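One structure below.
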Amino acid sequence: MPRVHLLGVGATSLSREGRDARWLAHDAVTAALSDAGLSGREVDSLALSCGEWSAALGCFDALGRKVRSTACASAHGALALHTAWAAVATGESEVAVCVGHDPRPELGDAVLPLDQLASDARTYLRGSGATEEHLARVAVKNRGHGAANPRALLRSAVTVEEVLASTELSRPLRELMVPGPAQAAAAVVLGRHDRGRRDGPRAPRLPASVLLSAEEGQPAVARAAGLAYFGASLGPEDVDLAEVEDLTPATEISAYEALELAPANRGPELVESGFTELGGVVPVNASGGSLAQGRAPGSGPLLQLIELCQQLRGTAGRRQVPGARVGLALCGNPVGPRAATSLTIVGA
């Protein structure tokens with residue numbers, strides 16, 4: 001199978017303001033193509049996750065012509081991403097562009113199933129011995145990381161005391177533990193190693209991309225991790241950093257275990273030791289995750305890849321992980337109800 005490389009990336013900042021979807025998507029695609037050193041004429045296929053149809057028009061505007069669309073109207077960017085990866089990996093396309101867009105919050109699904117997420121968090125706390133303070137410390141970590149991310153929606157650090165004093169939404173979740181909706185567009189260019197960048201940093205490889213249909217909680221994430229590690233000929237000990245979906249701090253802590261960064265019910269120990277902080281052994285959500293960037297199911301999976309790409313290129317600035325060579329991106333809720341799970345590995 002052809003090797004898949006991340007040739008170029010581009011994204012807008014995250015916002016809660018109403019911005020024109022067509023121009024958001026256009027700007028993201030244009031930036032990704034420029035970063036890849038490619039023109040729209042060299043793109044074979046397009047995979048879309050668009051919250052508004054006008055965003056798709058912006059993609060076609062940026063590409064300058066009609067291209068074969070391999071996925072459209074997907075609600076989640078992870079499906080579009082895996083579709084683009086598979087198109088290149090199977091040789092169907094030499095260059096594929098994937099675009100994720102989130103509409104203005106009032107137009108999208110701005111409601112999280114809080115009662116379900118809170119119930120799942122309580123179940124995890126009972127089984128692992130984690131406390132509300134562990135949850136607060138994850139929120140503090142991600143907000144601190146996001147303060148160094150110019151694209152993040154929330155760029156102010158918070159303290160454990162402030163998190164625990166914020167409004168209780170549904171025990172044990174508080175206002176500063178749950179991400180709000182955000183609007184953004186992001187694009188990545190995937191392709192063969194001999195396409196794309198003419199000079200500059202080498203395009204990272206994507207040796208594995210796994211997409212599983214809806215399964216119950218942590219077993220799905222653990223199975224996706226096992227398949228991705230096997231496909232990439234790597235193990236959890238090779239991972240230098242990870243971007244994981246953090247619908248709640250409990251989701252993130254449980255992901256440590258599902259990804260085999262910690263044994264079962266030992267995730268809270270990683271929180272206590274600083275293992276997943278910048279400067280720790282395996283920083284998680286150096287971008288700030290959803291808790292700093294906002295909840296963006298369309299563009300979020302691509303923003304995870306963009307963060308990993310910047311880290312592997314050594315261009316992440318104040319949030320740079322020294323010597324990063326292998327990154328992992330997870331979209332999936334290990335403690336939640338049945339949902340699709342996506343896991344992608346990026347390697348220098």
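Labels for the structure tokens follow display order: chains A, B, ..., residues from 1 in each chain, ligands from 1.
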Polymer residues at most 7 Å from Gly267 of chain A, only C-alpha atoms, same-chain spacing of 6 or more positions, as a VMD selection string: chain A and resid 253 to 254 256 to 257
Filtered DSSP result for segment 34-178 of chain A, state strand (DSSP E or B), as a PyMOL selection string: chain A and resi 45-49+68-71+95-102+168-170+173-174
All helix (DSSP H, G or I) positions in segment 138-194 of chain A, as a ChimeraX atom specification: /A:138-146,160-165,175-177
With C-alpha atoms retained, export the selected residues as a compact mmCIF listing (two decimals), in the first residue's frame.
```txt
# COMPACT_ATOMS: atom_id res chain seq x y z
CA VAL A 138 -7.05 18.03 33.81
CA ALA A 139 -9.11 21.13 33.05
CA VAL A 140 -6.32 23.31 34.47
CA LYS A 141 -3.73 21.48 32.38
CA ASN A 142 -5.61 21.88 29.12
CA ARG A 143 -6.47 25.52 29.72
CA GLY A 144 -2.81 26.15 30.56
CA HIS A 145 -1.70 24.49 27.33
CA GLY A 146 -4.30 26.45 25.38
CA VAL A 160 -7.97 24.13 40.48
CA GLU A 161 -9.83 26.31 42.97
CA GLU A 162 -11.52 28.27 40.15
CA VAL A 163 -12.59 25.08 38.40
CA LEU A 164 -14.05 23.56 41.56
CA ALA A 165 -15.82 26.84 42.37
CA GLU A 175 -18.84 24.68 34.01
CA LEU A 176 -15.06 24.83 33.56
CA MET A 177 -14.90 21.06 32.98
```
Non-local contacts of Cys331 of chain A (8 Å; only C-alpha atoms; under 4 positions in same chain excluded) as a list in words: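 Selected residues are Ala78, Val244, Glu245, Pro301, Thr341, Ser342 and Leu343 of chain A.
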All residues 9 Å or closer to segment 28-36 of chain A, only C-alpha atoms, same chain fewer than 5 positions away omitted, as a list in words: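 The neighbour list is Leu6, Leu7, Gly8, Val9, Gly10, Ala11, Thr12, Trp23, Gly58, Cys59, Ala62, Leu63, Val97, Cys98, Val99, Ala185, Ala186, Ala187, Val188, Val189, Arg195, Gly196, Arg197, Arg198 and Ala203 of chain A.
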Hey, can you spit out that residue selection with C-alpha atoms as an mmCIF file, in the first residue's frame?
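Dumped to selection-v4.cif:
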```cif
data_model
loop_
_atom_site.group_PDB
_atom_site.id
_atom_site.type_symbol
_atom_site.label_atom_id
_atom_site.label_comp_id
_atom_site.auth_asym_id
_atom_site.auth_seq_id
_atom_site.Cartn_x
_atom_site.Cartn_y
_atom_site.Cartn_z
ATOM 1 C CA LEU A 6 0.606 14.781 5.784
ATOM 2 C CA LEU A 7 1.700 17.221 3.073
ATOM 3 C CA GLY A 8 0.068 20.416 4.266
ATOM 4 C CA VAL A 9 -2.179 21.868 6.965
ATOM 5 C CA GLY A 10 -4.282 24.981 7.394
ATOM 6 C CA ALA A 11 -6.944 26.251 9.793
ATOM 7 C CA THR A 12 -8.779 29.312 10.951
ATOM 8 C CA TRP A 23 -14.755 32.065 3.383
ATOM 9 C CA GLY A 58 -15.667 27.576 -0.391
ATOM 10 C CA CYS A 59 -13.641 24.395 -0.812
ATOM 11 C CA ALA A 62 -10.128 27.338 -3.298
ATOM 12 C CA LEU A 63 -9.426 24.296 -5.469
ATOM 13 C CA VAL A 97 -7.781 17.211 0.634
ATOM 14 C CA CYS A 98 -9.867 16.785 3.779
ATOM 15 C CA VAL A 99 -11.879 19.697 5.168
ATOM 16 C CA ALA A 185 -12.612 25.411 9.542
ATOM 17 C CA ALA A 186 -9.547 23.212 9.122
ATOM 18 C CA ALA A 187 -7.986 21.421 6.173
ATOM 19 C CA VAL A 188 -5.233 18.874 5.653
ATOM 20 C CA VAL A 189 -3.606 17.665 2.449
ATOM 21 C CA ARG A 195 4.019 14.807 -3.899
ATOM 22 C CA GLY A 196 3.687 18.065 -2.040
ATOM 23 C CA ARG A 197 6.299 20.110 -0.293
ATOM 24 C CA ARG A 198 9.164 21.199 -2.502
ATOM 25 C CA ALA A 203 5.925 15.824 5.671
#
```
Minimum-distance residue to Glu260 of chain A, chosen among A:Gly274, A:Gly235, A:Gly294, A:Gly77 (using only C-alpha atoms):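 Of the candidates, the smallest distance to Glu260 of chain A is held by A:Gly235.
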For atom CA of Gly226 of chain A and atom CA of Glu252 of chain A, the interatomic separation in Å (one decimal):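 Separating atom CA of Gly226 of chain A from atom CA of Glu252 of chain A is a distance of 17.8 Å.
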Minimum-distance residue to Arg151 of chain A, chosen among A:Ala184, A:Thr276, A:Val271, A:Val221 (using only C-alpha atoms):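 Using only C-alpha atoms, Arg151 of chain A sits closest to A:Ala184.
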Set the distance at 9 Å and use only C-alpha atoms: which residues neighbour Glu94 of chain A once local chain neighbours fewer than 3 positions away are removed? I'd like the list as an mmCIF file with N, CA and C atoms, in the first residue's frame.
```cif
data_model
loop_
_atom_site.group_PDB
_atom_site.id
_atom_site.type_symbol
_atom_site.label_atom_id
_atom_site.label_comp_id
_atom_site.auth_asym_id
_atom_site.auth_seq_id
_atom_site.Cartn_x
_atom_site.Cartn_y
_atom_site.Cartn_z
ATOM 1 N N PRO A 2 0.466 2.289 -0.742
ATOM 2 C CA PRO A 2 1.229 3.532 -0.737
ATOM 3 C C PRO A 2 1.281 4.140 0.660
ATOM 4 N N GLU A 42 -3.722 19.888 -8.689
ATOM 5 C CA GLU A 42 -3.029 18.640 -8.373
ATOM 6 C C GLU A 42 -3.794 17.772 -7.376
ATOM 7 N N VAL A 43 -4.963 18.202 -6.973
ATOM 8 C CA VAL A 43 -5.766 17.463 -5.996
ATOM 9 C C VAL A 43 -6.685 16.493 -6.729
ATOM 10 N N ASP A 44 -6.661 15.236 -6.300
ATOM 11 C CA ASP A 44 -7.493 14.208 -6.929
ATOM 12 C C ASP A 44 -8.870 14.091 -6.292
ATOM 13 N N SER A 45 -8.941 14.224 -4.966
ATOM 14 C CA SER A 45 -10.221 13.983 -4.302
ATOM 15 C C SER A 45 -10.371 14.882 -3.089
ATOM 16 N N ALA A 87 -8.260 6.811 0.767
ATOM 17 C CA ALA A 87 -8.149 7.065 -0.672
ATOM 18 C C ALA A 87 -6.694 7.056 -1.111
ATOM 19 N N VAL A 88 -5.812 7.623 -0.298
ATOM 20 C CA VAL A 88 -4.385 7.635 -0.628
ATOM 21 C C VAL A 88 -3.746 6.284 -0.331
ATOM 22 N N ALA A 89 -4.107 5.693 0.804
ATOM 23 C CA ALA A 89 -3.486 4.428 1.216
ATOM 24 C C ALA A 89 -3.777 3.296 0.234
ATOM 25 N N GLY A 91 -4.279 3.776 -2.993
ATOM 26 C CA GLY A 91 -3.858 4.160 -4.327
ATOM 27 C C GLY A 91 -4.962 4.770 -5.170
ATOM 28 N N LEU A 190 -3.393 15.262 2.253
ATOM 29 C CA LEU A 190 -2.748 13.961 2.380
ATOM 30 C C LEU A 190 -2.295 13.498 1.005
ATOM 31 N N GLY A 191 -1.159 12.812 0.959
ATOM 32 C CA GLY A 191 -0.701 12.347 -0.338
ATOM 33 C C GLY A 191 0.499 11.430 -0.250
ATOM 34 N N ARG A 192 0.962 10.973 -1.403
ATOM 35 C CA ARG A 192 2.147 10.129 -1.476
ATOM 36 C C ARG A 192 3.388 10.940 -1.134
ATOM 37 N N ARG A 195 4.850 13.663 -3.540
ATOM 38 C CA ARG A 195 4.019 14.807 -3.899
ATOM 39 C C ARG A 195 4.144 15.860 -2.801
#
```
Closest of A:Gln183, A:Ser299, A:Ser128, A:Gln311 to Val326 of chain A - atom-to-atom distances counting only C-alpha atoms: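 Closest candidate: A:Gln311.
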Near-Leu112 of chain A list (12 Å; only C-alpha atoms; drop same-chain fewer than 2 positions) as number ranges by chain: A: 108-110, 114-118, 169-170, 178-181, 247-248, 295-297, 336
Residue contacts of Arg16 of chain A (8 Å, only C-alpha atoms) excluding same-chain residues fewer than 2 positions away, as number ranges by chain: A: 14, 18, 104-105, 181-183
Selected residues, C-alpha atoms, written as a PDB file, in the first residue's frame, please.
```
ATOM      1  CA  LEU A  14     -11.740  29.086  16.739  1.00  0.00           C
ATOM      2  CA  GLY A  18     -20.823  34.203  13.312  1.00  0.00           C
ATOM      3  CA  ARG A 104     -22.057  29.073  14.026  1.00  0.00           C
ATOM      4  CA  PRO A 105     -23.015  27.553  17.404  1.00  0.00           C
ATOM      5  CA  PRO A 181     -19.257  25.038  21.043  1.00  0.00           C
ATOM      6  CA  ALA A 182     -16.931  26.800  18.622  1.00  0.00           C
ATOM      7  CA  GLN A 183     -16.886  27.691  14.940  1.00  0.00           C
TER       8      GLN A 183
END
```
